[in-house]
Every structure is written in C-alpha cells, then in structure tokens.
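Right, one structure below, let's go through it.
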Amino acid sequence: MYHPLGTLDYITKAALRKLQWEKFSKTLEHVYHNVAWYRNQMLEKGVQPADIRGLEDMYKLPFTVKTDLRDTYPTGLFAVKQSEIVRLHASSGTTGKPIVCAYTQEDIEIWQEVVVRALLAFGLHSGDILQNSYGYGLFTGGLGLHYGAEALGLTVIPVSGGNSERQIMFLRDFGVTAISCTPSYFIHLLDIAQQMKVDFKELPLKIGVFGAEPWTEGMRQVIQSGSGLKAYDIYGLTEISGPGVGAECVHQNGTHIFEDHFYPEIVDSKTLEPVPDGQEGELVFTTLDKRGMPLIRYRTRDITRLYEDECPCGRTIRRMEKISHRSDDMFIIRGVNVFPGQIESALLAVEGSLPHYQIILTRDHGLDNVEVQVEIDPNLIGDTIRELEQLQSSIHKKIETTIGIRVKVTLMEPNRIPRSEGKAKRVIDKRTI
Ligand code: ADP
Ligand code: ZN
C-alpha cells in the first residue's frame, strides 16, 4: 500500500516549505479560534495570526512548555469537540498530573503514516514480522508502532513489555525479523537470551526499532555486535503524537524528522532565540496538521542539532543528531553540567564494563558526590583483585576525562542493577537540599 517514493520524504525543499506554510497557517487559525488558552497567550504577547506571514515569522509566537500542558489538564488544549476525539494517550512524566494527548481520526492517520515511513526507512516491508515489545496502554510506544506496522502490512506480535523468557521464545519460534522496544530493554533481552542459550545471530532477527529514551552510539555498537541486527533510532514524544516524529534511515547518520507534519526549530537553551541549522540547542516542535490537540512551538527539552547537509538516502526532510541527552536529565555536580549519556559513552569505551549502570547522586556536608555503579562482564568475576582494580581505575579515568570531574566507580556483579521493561532509570538523586 505504501512506497517511500510515494511519500513526502523526497519532496523538493521549496515544495516542502510551501506545504509547511499552508498547513501551519491553517493550524494557527484553528488554535486561535478554538483554544482559549492559545488565544490568550497570543493576545498577551500582542500577536495575532495575521501577523505571521510566513514560517520565518514563527519566532514571534509564544512557546508552549511542559507545565502548560499540566496546567491545562485535562482538556484545556483540546481544539475540537469531544465527539471528534477518538483516542487519548498520556505520558506519566515524573510527578503530578499526566501529560495528555488527544487524537482525532485524522491525527491517528497522520501518526500511522509517519510510523509507516519510519519502518520503510529501516527497510521493513510486507513479509516482515515485528515483535512489538513497547508497552501497550496509555504509553504511545505500543499502539503507535502497532498501527503503523499493521498499515504497512507487517505481521505484528503485540507482546508488550515484560516476561522476557517468553519474549525470547517468540523471537525464536516465529522467525521474528524485527523487534521494537527501548534500547535498554533490548540489552536485557540479550542477557536473557544468553542464559537461555539462544543466539540472536542465528535467528532471522535483523532490525531493531529503538527509541523512547536517549541512547549513545556506544550502546548501538554493543547492541549490533551482540545481536547481529541493525539498530535504528525512532524518536517521538506523546505531546506531538508518539513514536514516528522522526526516524533514521539505513545510513544511521541522524534522525530524519517528518517535517511535513512536525515543524522543528532549534533554540538556544538560555536565550530561547532560534539558532541556525548545525548549531546545538533545544528542539522545539510545531504540529502542522494535527486537529485534536495542536501544539505551537512546544519545547521538548531534548538537546540536539539539525544537520545542514543532505543525506545520501535522498530524503530531503531534515535530519537531527540522534538525541543522547535531554535537559531534564542533566545534573550539575560541583558546577559542571553532566548528562548520563556522557557517562554511558565513557563506560562503554572501557572493555569489561557492561551497558548496565546507574548514577547515584548524594550530598555530604554540602558537597555533591557521584557514584557510578556498573556491572562487569561475567568472565571477569574470577579475576584477581588487582585486575579488577585496574578495570575500576580505567573506568574512573575515562569518566574523568569525559566529564571533567572525579566520580566514585563501583563495580557490580552481573544482574545487580535493576532492569526496566521500558525506559531505564539511569540517575538516582538522593541529594536533599
Ligand atoms: P516522558 O516525558 O514521560 O518520557 P514520552 O514517553 O512521551 O514521555 O517520552 C518522550 C521523550 O522520550 C522525548 O522527549 C525524549 O526525551 C525521549 N525519547 C523518545 N525517543 C527517543 C529517542 N529515539 N532518542 C532519545 N530520546 C528519545
Ligand atoms: Zn537518510
């Protein structure tokens, strides 16, 4: 039913900008007339839809932030009658009220279309069997991937998260060719498969659809060399619809954004001024054709850059650097900004440490301390204390050169760090103010 050449992935830049503007001007009118909250925001800023004469005027519009979604909970940002809403999803966030997204039938179709385009970009097509191990329910991962995969004509096994032994059994017994889950959960499945004496390299499994959490290139290498599959990035967030806001292509050199639906901007994290393509900052999205709950200039808190060059795959839609950190996850230690992804890269560069780790923050007499707990390769368990000390010291040095501060490194036996079926919890902040 779908073919990549029939989609807008390859549209000319000029036609794309024209399309984006046509869609955006309609969305702006739609929210101005149907969402009191947006109208008030614009009135407060002294800007009206008529003042926005092109995409280049977008910067005049106010941002939408996560707390706005909480403050307008439950239905304050809905832009259509309830009878037009066909589905709701929500992300738990951290504390307090959930962040909700409402979809009309058209919104669901757009979401399905972008997931199809993502799966096509990974090289999947009818005949492939996808084991969807993202959680089903309010979380967008499960149902989002599911409907896109079905629309493309794949066979979908909706296992959801958890019950890892059964996951391995299905992967093996049904000749599954692709799996979708968080990269951290896949690493866990790899361990379980090893215990069950199942070698992923001997299975037809060839493609991993990984997202929902930041993951580094180091993690990609661990996954690919351990399983023999190609690990692709899929990006998305509940607020904008769910997985499929962007996806890598076979070149694995950045995540293409389906910008005919979701218009990206990068803004300086401090000044909030737009920065040109190529420069790092916070990713901001405007939904171009969503009806149920359109968002204008939504600050994702994800840090990345848009690439200026074209991808060898021929897609003209822009790529962003694969997201390895979000500003929410950043912690400040002795005045230094640290992202868990930096620690992940350092750990994975040292042979003998496994991609299972946790970062514990404590405060002692006003001084912040970081402890990095990392599991070690089971083959090293019999090593002498001296050898283990050497490993600890290599990790210690690597982290220090990466982030510029000294941390405590604790080597853990395999399986001591808690596993997650969904998003991994990397940082435990025990500091009391
Ligand atoms: P929550 O905010 O509770 O995590 P979501 O499930 O909507 O809610 O998650 C969206 C966020 O997950 C994104 O803003 C981003 O930080 C992260 N994310 C999703 N996909 C990826 C990806 N492929 N790479 C890095 N981070 C991702
Ligand atoms: Zn590409």
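Convention: chains lettered A, B, ... in structure tokens order; per-chain residue numbering from 1; ligands numbered from 1 as shown.
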
Exercise for the section: Could you give me, as a PyMOL selection string, every polymer residue with an atom at most 6 Å away from an atom of ligand 1, counting only C-alpha atoms and all ligand atoms? Expected result: chain A and resi 91-93+211-214+233-238+300+302+323-324+326

Which residues are near ligand 2 in this structure, taking near to mean any atom at most 10 Å from a ligand atom and counting only C-alpha atoms and all ligand atoms? Format them as a PDB file with N, CA and C atoms, in the first residue's frame.
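Output contents, as saved in result.pdb:
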ATOM      1  N   ASP A   9       8.854  12.159   1.761  1.00  0.00           N
ATOM      2  CA  ASP A   9      10.247  12.155   2.220  1.00  0.00           C
ATOM      3  C   ASP A   9      11.199  12.791   1.206  1.00  0.00           C
ATOM      4  N   ALA A 121      11.850   3.343   6.126  1.00  0.00           N
ATOM      5  CA  ALA A 121      13.225   3.866   6.138  1.00  0.00           C
ATOM      6  C   ALA A 121      14.201   2.841   6.726  1.00  0.00           C
ATOM      7  N   PHE A 122      13.707   1.987   7.619  1.00  0.00           N
ATOM      8  CA  PHE A 122      14.573   0.945   8.200  1.00  0.00           C
ATOM      9  C   PHE A 122      14.713  -0.247   7.248  1.00  0.00           C
ATOM     10  N   ALA A 247      12.831   9.396  12.372  1.00  0.00           N
ATOM     11  CA  ALA A 247      13.418   8.059  12.311  1.00  0.00           C
ATOM     12  C   ALA A 247      14.672   8.086  11.451  1.00  0.00           C
ATOM     13  N   GLU A 248      15.604   7.190  11.785  1.00  0.00           N
ATOM     14  CA  GLU A 248      16.814   7.090  10.964  1.00  0.00           C
ATOM     15  C   GLU A 248      16.506   6.372   9.654  1.00  0.00           C
ATOM     16  N   CYS A 249      17.454   6.507   8.715  1.00  0.00           N
ATOM     17  CA  CYS A 249      17.373   5.679   7.518  1.00  0.00           C
ATOM     18  C   CYS A 249      18.526   4.685   7.603  1.00  0.00           C
ATOM     19  N   VAL A 250      18.730   3.896   6.567  1.00  0.00           N
ATOM     20  CA  VAL A 250      19.757   2.849   6.653  1.00  0.00           C
ATOM     21  C   VAL A 250      21.167   3.409   6.858  1.00  0.00           C
ATOM     22  N   HIS A 251      21.364   4.692   6.610  1.00  0.00           N
ATOM     23  CA  HIS A 251      22.702   5.271   6.797  1.00  0.00           C
ATOM     24  C   HIS A 251      23.036   5.541   8.266  1.00  0.00           C
ATOM     25  N   GLN A 252      22.076   5.471   9.129  1.00  0.00           N
ATOM     26  CA  GLN A 252      22.292   5.649  10.580  1.00  0.00           C
ATOM     27  C   GLN A 252      23.111   6.903  10.895  1.00  0.00           C
ATOM     28  N   ASN A 253      22.823   7.962  10.174  1.00  0.00           N
ATOM     29  CA  ASN A 253      23.641   9.166  10.366  1.00  0.00           C
ATOM     30  C   ASN A 253      22.782  10.373  10.743  1.00  0.00           C
ATOM     31  N   GLY A 254      21.815  10.162  11.590  1.00  0.00           N
ATOM     32  CA  GLY A 254      20.933  11.246  12.004  1.00  0.00           C
ATOM     33  C   GLY A 254      19.494  10.811  11.815  1.00  0.00           C
ATOM     34  N   THR A 255      18.606  11.425  12.585  1.00  0.00           N
ATOM     35  CA  THR A 255      17.209  11.024  12.594  1.00  0.00           C
ATOM     36  C   THR A 255      16.406  11.985  11.714  1.00  0.00           C
ATOM     37  N   HIS A 256      15.892  11.467  10.606  1.00  0.00           N
ATOM     38  CA  HIS A 256      15.070  12.306   9.716  1.00  0.00           C
ATOM     39  C   HIS A 256      13.795  12.704  10.456  1.00  0.00           C
ATOM     40  N   GLU A 310      22.716  17.166   3.032  1.00  0.00           N
ATOM     41  CA  GLU A 310      21.692  16.200   2.619  1.00  0.00           C
ATOM     42  C   GLU A 310      22.158  14.789   2.884  1.00  0.00           C
ATOM     43  N   CYS A 311      21.199  13.914   3.096  1.00  0.00           N
ATOM     44  CA  CYS A 311      21.533  12.532   3.419  1.00  0.00           C
ATOM     45  C   CYS A 311      21.721  11.750   2.121  1.00  0.00           C
ATOM     46  N   PRO A 312      22.683  10.822   2.094  1.00  0.00           N
ATOM     47  CA  PRO A 312      22.872  10.023   0.881  1.00  0.00           C
ATOM     48  C   PRO A 312      21.635   9.222   0.485  1.00  0.00           C
ATOM     49  N   CYS A 313      20.689   9.048   1.387  1.00  0.00           N
ATOM     50  CA  CYS A 313      19.487   8.263   1.038  1.00  0.00           C
ATOM     51  C   CYS A 313      18.581   9.035   0.093  1.00  0.00           C
ATOM     52  N   GLY A 314      18.810  10.344  -0.033  1.00  0.00           N
ATOM     53  CA  GLY A 314      17.996  11.129  -0.960  1.00  0.00           C
ATOM     54  C   GLY A 314      16.796  11.800  -0.316  1.00  0.00           C
ATOM     55  N   ARG A 315      16.505  11.427   0.943  1.00  0.00           N
ATOM     56  CA  ARG A 315      15.391  12.114   1.608  1.00  0.00           C
ATOM     57  C   ARG A 315      15.755  13.587   1.780  1.00  0.00           C
ATOM     58  N   THR A 316      14.779  14.436   1.509  1.00  0.00           N
ATOM     59  CA  THR A 316      15.058  15.872   1.631  1.00  0.00           C
ATOM     60  C   THR A 316      14.634  16.407   2.990  1.00  0.00           C
ATOM     61  N   ILE A 317      13.796  15.654   3.705  1.00  0.00           N
ATOM     62  CA  ILE A 317      13.394  16.107   5.040  1.00  0.00           C
ATOM     63  C   ILE A 317      14.640  16.129   5.923  1.00  0.00           C
ATOM     64  N   ARG A 318      14.700  17.143   6.793  1.00  0.00           N
ATOM     65  CA  ARG A 318      15.942  17.346   7.563  1.00  0.00           C
ATOM     66  C   ARG A 318      16.193  16.248   8.584  1.00  0.00           C
ATOM     67  N   ARG A 319      17.484  16.124   8.942  1.00  0.00           N
ATOM     68  CA  ARG A 319      17.894  15.173   9.975  1.00  0.00           C
ATOM     69  C   ARG A 319      18.341  15.927  11.208  1.00  0.00           C
TER      70      ARG A 319
END

Practice task
Considering only C-alpha atoms, return as a PyMOL selection string whatever protein or nucleic-acid residues lie within 12 Å of A:Asn379, sequence-local ones (same chain, fewer than 5 positions apart) excluded.
Solution key: chain A and resi 351-354+384+388+413-414

Exercise for the section: Step one, run DSSP on the backbone; step two, keep only residues of stretch 67-224 of chain A assigned to strand (DSSP E or B); then write them as an MDAnalysis selection string. Expected result: chainID A and resid 85:91 99:104 126 128:132 155:157 178:181 207:211

Practice task
For A:Asp328, please output as a list in words all residues within 12 Å (counting only C-alpha atoms; exclusion window: fewer than 2 positions along the same chain).
Solution key: Lys66, Gly93, Thr94, Pro214, Glu282, Arg299, Thr300, Arg301, Asp302, Ile303, His325, Arg326, Met330, Phe331, Ile332, Asn337, Val338, Phe339, Pro340 and Val427 of chain A
